$ cat entry.txt   # compact mmCIF, C-alpha atoms
# COMPACT_ATOMS: atom_id res chain seq x y z
CA MET S 912 -55.25 1.56 -40.55
CA ARG S 913 -52.61 -0.99 -41.23
CA LEU S 914 -48.97 0.01 -41.01
CA SER S 915 -46.68 -0.78 -43.85
CA THR S 916 -43.79 -3.16 -43.41
CA LYS S 917 -41.39 -0.25 -43.60
CA SER S 918 -43.22 1.61 -40.84
CA ARG S 919 -43.22 -1.44 -38.58
CA VAL S 920 -39.49 -1.87 -39.13
CA LEU S 921 -38.90 1.79 -38.25
CA ILE S 922 -40.97 1.44 -35.08
CA TRP S 923 -39.05 -1.64 -34.00
CA LEU S 924 -35.74 0.06 -34.80
CA SER S 925 -36.78 3.10 -32.76
CA PHE S 926 -37.83 0.86 -29.90
CA GLY S 927 -34.55 -1.02 -30.08
CA LEU S 928 -32.53 2.20 -30.14
CA ALA S 929 -34.46 3.50 -27.13
CA LEU S 930 -33.71 0.31 -25.21
CA LEU S 931 -30.06 0.50 -26.22
CA LEU S 932 -29.87 4.14 -25.15
CA ALA S 933 -31.52 3.32 -21.81
CA PHE S 934 -29.04 0.49 -21.25
CA CYS S 935 -26.12 2.78 -22.07
CA VAL S 936 -27.38 5.38 -19.59
CA VAL S 937 -27.75 2.75 -16.85
CA ALA S 938 -24.37 1.20 -17.72
CA LEU S 939 -22.57 4.53 -17.61
CA THR S 940 -24.24 5.37 -14.29
CA HIS S 941 -22.96 2.16 -12.72
CA MET S 942 -19.65 1.96 -14.59
CA LYS S 943 -17.76 4.71 -12.75
CA PRO S 944 -18.11 3.39 -9.16
CA ILE S 945 -17.60 -0.20 -10.34
CA LEU S 946 -14.48 0.71 -12.29
CA ALA S 947 -13.13 2.71 -9.36
CA SER S 948 -13.70 -0.16 -6.91
CA LEU S 949 -12.17 -2.78 -9.23
CA ALA S 950 -9.19 -0.57 -10.06
CA GLU S 951 -8.45 0.26 -6.41
CA ALA S 952 -8.71 -3.40 -5.37
CA LYS S 953 -6.43 -4.52 -8.18
CA VAL S 954 -3.86 -1.80 -7.51
CA ASN S 955 -3.91 -2.55 -3.76
CA ASN S 956 -3.18 -6.22 -4.44
CA ILE S 957 -0.36 -5.39 -6.85
CA VAL S 958 1.21 -2.87 -4.47
CA ASN S 959 1.01 -5.25 -1.49
CA ARG S 960 2.76 -8.01 -3.44
CA ILE S 961 5.47 -5.65 -4.69
CA VAL S 962 6.17 -4.13 -1.27
CA VAL S 963 6.36 -7.49 0.52
CA ALA S 964 8.57 -8.96 -2.23
CA ALA S 965 10.93 -5.95 -2.20
CA VAL S 966 11.32 -5.92 1.59
CA ASN S 967 11.71 -9.71 1.87
CA GLU S 968 14.36 -9.66 -0.83
CA ALA S 969 16.27 -6.90 0.97
CA VAL S 970 16.17 -8.90 4.22
CA GLU S 971 17.21 -12.19 2.56
CA LYS S 972 20.14 -10.53 0.79
CA GLY S 973 21.32 -8.93 4.04
CA ILE S 974 20.69 -5.43 2.74
CA ILE S 975 18.68 -4.76 5.91
CA ASN S 976 20.76 -5.92 8.85
CA TYR S 977 20.16 -5.31 12.55
CA ASP S 978 23.85 -4.88 13.39
CA ALA S 979 24.24 -2.29 10.63
CA LEU S 980 21.32 -0.26 11.94
CA VAL S 981 21.83 -0.52 15.71
CA THR S 982 24.83 -0.73 18.03
CA LEU S 983 24.36 -2.20 21.50
CA GLU S 984 26.53 -0.58 24.15
CA LYS S 985 27.35 -2.69 27.22
CA ASP S 986 28.95 -2.08 30.61
CA ASP S 987 31.75 -4.11 32.21
CA THR S 988 29.30 -6.81 33.31
CA GLY S 989 27.94 -7.28 29.80
CA ARG S 990 24.60 -5.60 30.55
CA VAL S 991 23.19 -3.59 27.65
CA THR S 992 23.18 0.05 28.68
CA ALA S 993 22.30 1.83 25.43
CA LEU S 994 21.16 1.39 21.86
CA ARG S 995 22.70 3.65 19.24
CA SER S 996 21.24 3.90 15.75
CA ASN S 997 23.22 4.46 12.57
CA MET S 998 21.24 7.33 11.05
CA GLY S 999 23.31 7.40 7.87
CA GLU S 1000 22.49 3.76 7.13
CA VAL S 1001 18.85 4.28 8.11
CA ASN S 1002 18.44 7.19 5.69
CA ARG S 1003 20.27 5.34 2.91
CA LEU S 1004 18.05 2.27 3.28
CA GLN S 1005 14.84 4.30 3.36
CA SER S 1006 15.77 5.94 0.08
CA ALA S 1007 16.99 2.71 -1.55
CA ILE S 1008 13.88 0.73 -0.62
CA ALA S 1009 11.54 3.49 -1.80
CA ASP S 1010 13.40 3.70 -5.14
CA ASP S 1011 13.28 -0.09 -5.57
CA ILE S 1012 9.53 -0.20 -4.95
CA LEU S 1013 8.90 2.66 -7.40
CA GLN S 1014 10.96 0.87 -10.05
CA ARG S 1015 8.92 -2.32 -9.59
CA LEU S 1016 5.67 -0.36 -9.72
CA SER S 1017 6.65 1.30 -13.00
CA GLU S 1018 6.99 -2.12 -14.62
CA VAL S 1019 3.33 -2.95 -13.97
CA SER S 1020 1.84 0.53 -14.28
CA THR S 1021 -0.50 -0.42 -17.12
CA SER S 1022 -3.05 -3.20 -16.80
CA GLU S 1023 -6.56 -4.15 -17.92
CA LEU S 1024 -9.88 -4.51 -16.13
CA SER S 1025 -12.61 -6.88 -17.26
CA ILE S 1026 -16.27 -6.08 -16.43
CA PRO S 1027 -19.20 -8.37 -17.40
CA LEU S 1028 -22.03 -6.46 -19.07
CA GLY S 1029 -24.53 -7.85 -16.57
CA THR S 1030 -22.69 -6.16 -13.74
CA LEU S 1031 -23.21 -2.76 -15.36
CA THR S 1032 -27.00 -3.13 -15.18
CA GLY S 1033 -26.88 -2.83 -11.40
CA SER S 1034 -28.98 -5.99 -11.03
CA ALA S 1035 -27.82 -8.58 -8.51
CA LEU S 1036 -29.30 -11.33 -10.73
CA LEU S 1037 -27.22 -10.30 -13.73
CA ALA S 1038 -24.00 -9.49 -11.86
CA GLY S 1039 -21.03 -11.32 -13.36
CA ARG S 1040 -23.01 -12.49 -16.39
CA GLY S 1041 -22.66 -11.77 -20.08
CA PRO S 1042 -19.70 -10.82 -22.27
CA SER S 1043 -17.02 -8.64 -20.71
CA ILE S 1044 -15.91 -5.12 -21.47
CA HIS S 1045 -12.15 -4.63 -21.25
CA VAL S 1046 -10.92 -1.30 -19.90
CA ARG S 1047 -7.30 -0.23 -19.77
CA MET S 1048 -6.02 1.57 -16.70
CA GLN S 1049 -2.73 3.19 -15.81
CA ALA S 1050 -1.41 3.72 -12.30
CA VAL S 1051 1.29 6.16 -11.22
CA GLY S 1052 2.39 6.83 -7.69
CA SER S 1053 4.88 7.82 -5.05
CA THR S 1054 6.19 6.00 -2.02
CA SER S 1055 7.90 6.67 1.29
CA ALA S 1056 9.68 4.32 3.67
CA SER S 1057 10.46 4.86 7.36
CA PHE S 1058 11.87 2.80 10.22
CA ARG S 1059 10.72 2.77 13.82
CA ASN S 1060 11.52 0.93 17.07
CA ASN S 1061 9.26 -1.43 18.94
CA PHE S 1062 10.02 -2.89 22.39
CA SER S 1063 7.99 -5.74 23.89
CA ALA S 1064 8.34 -8.29 26.69
CA ALA S 1065 9.89 -11.57 25.53
CA GLY S 1066 10.02 -13.49 28.80
CA ILE S 1067 11.37 -13.12 32.31
CA ASN S 1068 13.85 -10.23 32.33
CA GLN S 1069 13.99 -10.21 28.52
CA THR S 1070 13.00 -7.54 26.04
CA LYS S 1071 12.48 -8.01 22.31
CA HIS S 1072 13.62 -5.08 20.21
CA GLN S 1073 12.11 -4.95 16.71
CA ILE S 1074 12.93 -2.65 13.85
CA LEU S 1075 9.76 -2.07 11.83
CA LEU S 1076 9.70 -0.74 8.30
CA ARG S 1077 6.61 1.20 7.27
CA VAL S 1078 6.02 1.73 3.57
CA ASP S 1079 3.32 4.13 2.34
CA VAL S 1080 2.41 4.01 -1.34
CA TYR S 1081 0.13 6.66 -2.86
CA MET S 1082 -1.32 5.65 -6.24
CA SER S 1083 -3.26 7.72 -8.78
CA ILE S 1084 -5.24 5.52 -11.16
CA LEU S 1085 -6.09 6.82 -14.62
CA LEU S 1086 -9.30 5.38 -16.11
CA PRO S 1087 -11.33 6.37 -19.19
CA GLY S 1088 -12.94 9.70 -18.37
CA PHE S 1089 -11.89 10.00 -14.73
CA THR S 1090 -9.22 9.29 -12.14
CA THR S 1091 -9.24 7.78 -8.68
CA SER S 1092 -6.60 7.25 -6.01
CA THR S 1093 -5.70 4.90 -3.21
CA LYS S 1094 -3.16 4.64 -0.40
CA VAL S 1095 -1.55 1.34 0.60
CA THR S 1096 0.34 1.01 3.90
CA ASN S 1097 2.46 -1.93 4.97
CA GLU S 1098 4.44 -2.25 8.20
CA ILE S 1099 6.88 -5.17 8.28
CA SER S 1100 9.31 -6.35 10.94
CA VAL S 1101 12.71 -6.40 9.20
CA ALA S 1102 15.11 -7.05 12.10
CA GLU S 1103 14.93 -7.95 15.76
CA THR S 1104 16.92 -9.14 18.76
CA VAL S 1105 16.21 -10.19 22.32
CA ILE S 1106 17.93 -8.14 25.03
CA VAL S 1107 18.57 -10.14 28.18
CA GLY S 1108 18.34 -7.99 31.31
CA GLY S 1109 16.61 -4.69 32.00
CA VAL S 1110 15.55 -2.29 29.31
CA PRO S 1111 18.50 -0.03 28.35
CA GLU S 1112 18.45 3.33 30.09
CA ASN S 1113 19.36 5.13 26.85
CA TYR S 1114 18.50 4.53 23.24
CA THR S 1115 18.32 6.68 20.14
CA TYR S 1116 15.25 6.70 17.94
CA PHE S 1117 15.39 6.60 14.20
CA SER S 1118 11.72 6.86 13.36
CA THR S 1119 11.06 9.44 10.67
CA LEU S 1120 7.28 9.30 11.05
CA PRO S 1121 6.12 12.91 11.54
CA GLU S 1122 3.57 11.98 14.19
CA GLU S 1123 6.26 10.33 16.35
CA ILE S 1124 9.04 12.94 16.15
CA GLN S 1125 7.37 15.33 18.62
CA ASN S 1126 6.76 12.51 21.11
CA TYR S 1127 10.40 11.50 20.91
CA ALA S 1128 11.52 15.06 21.54
CA GLU S 1129 9.23 15.33 24.58
CA ASP S 1130 10.52 12.03 25.97
CA TYR S 1131 14.10 13.20 25.56
CA ILE S 1132 13.43 16.49 27.37
CA MET S 1133 11.67 14.74 30.28
CA ASN S 1134 14.40 12.12 30.65
CA ASN S 1135 17.30 14.50 30.31
CA GLY S 1136 15.94 17.69 31.82
$ encode --input "entry.txt" --output "structure tokens"
Amino acid sequence: MRLSTKSRVLIWLSFGLALLLAFCVVALTHMKPILASLAEAKVNNIVNRIVVAAVNEAVEKGIINYDALVTLEKDDTGRVTALRSNMGEVNRLQSAIADDILQRLSEVSTSELSIPLGTLTGSALLAGRGPSIHVRMQAVGSTSASFRNNFSAAGINQTKHQILLRVDVYMSILLPGFTTSTKVTNEISVAETVIVGGVPENYTYFSTLPEEIQNYAEDYIMNNG
């Protein structure tokens, strides 16, 4: 029994629709993890650039200054006996830097991802091939900034004192049909000096990292008990 032309066309259309449906199912299965990975990588790169640029600009403009954060106390012989931190300036800078980073992030909160159709098939041979699908994403987040001390040997009878700025950025990424999130952490040396002579017997900490506060308190009790 021969099929009519109309029947053959319907069969081919049904076959084509079945293939298209199968491709859509496979594409949707692979799209979510691919989108999440691409979005997180892109947001991480953007956040890293923004944080480094914001901190470098603050250092270059003298907004972050060692002498404004720390006072070195010396005895009659000129030996450094104590380091005193300016907590008011530390807290002000932490808030100002966090606000600056958030402002910069808000200016690039919306961007676009491009995914080749071949990548959605899950085949290594087709990855990166074919026309691209463009997907819009939006990122919103929060940030925190905190300073901490770091002492290290810098030569014979010399100690390098660094002030490190740690910036944590938490980003929620909105994508079609789902959301993902990522955390980006940067720790940058923003000021330092070399102390000639022994390590000062006294110094105040200005780290606001929760995991370090208890250690500082224990050190203070042991050294001043």
$ residues_around --input "entry.txt" --residues "Glu984 in chain S" --least-positions-apart "5" --cutoff "9 Å" --atoms "all atoms listed in the file" --output "list in words"
Gly989, Arg990, Val991, Thr992, Ala993, Leu994 and Arg995 of chain S
$ closest_residue --input "entry.txt" --among "S:Asn1002, S:Thr1104, S:Ser1057, S:Asn955" --to "Tyr977 in chain S" --atoms "only C-alpha atoms"
S:Thr1104
$ atom_distance --input "entry.txt" --atom1 "CA of Ile945 in chain S" --atom2 "CA of Glu1023 in chain S"
14.0 Å
$ residues_around --input "entry.txt" --residues "Val966 in chain S" --least-positions-apart "4" --cutoff "9 Å" --atoms "all atoms listed in the file" --output "MDAnalysis selection string"
chainID S and resid 961:962 970:971 975 1008 1012 1076 1099 1101
$ closest_residue --input "entry.txt" --among "S:Val954, S:Leu1024, S:Val981, S:Ile1074" --to "Phe1058 in chain S" --atoms "all atoms listed in the file"
S:Ile1074
$ atom_distance --input "entry.txt" --atom1 "CA of Gln1069 in chain S" --atom2 "CA of Ser996 in chain S"
20.4 Å
$ closest_residue --input "entry.txt" --among "S:Arg1003, S:Arg1047, S:His1072, S:Lys953" --to "Leu983 in chain S" --atoms "only C-alpha atoms"
S:His1072
$ residues_around --input "entry.txt" --residues "Val1078 in chain S" --least-positions-apart "4" --cutoff "12 Å" --atoms "all atoms listed in the file" --output "PyMOL selection string"
chain S and resi 958-959+961-963+965-966+1005-1006+1008-1013+1053-1059+1094-1101+1119-1120
$ closest_residue --input "entry.txt" --among "S:Arg1077, S:Arg1015, S:Lys943, S:Lys972" --to "Arg960 in chain S" --atoms "all atoms listed in the file"
S:Arg1015
$ atom_distance --input "entry.txt" --atom1 "CA of Ile957 in chain S" --atom2 "CA of Ser1022 in chain S"
10.5 Å
$ closest_residue --input "entry.txt" --among "S:Ala1064, S:Pro1042, S:Leu1016, S:Val1105" --to "Val1080 in chain S" --atoms "only C-alpha atoms"
S:Leu1016
$ closest_residue --input "entry.txt" --among "S:Ala1065, S:Ala1050, S:Ala979, S:Ile1044" --to "Met998 in chain S" --atoms "all atoms listed in the file"
S:Ala979
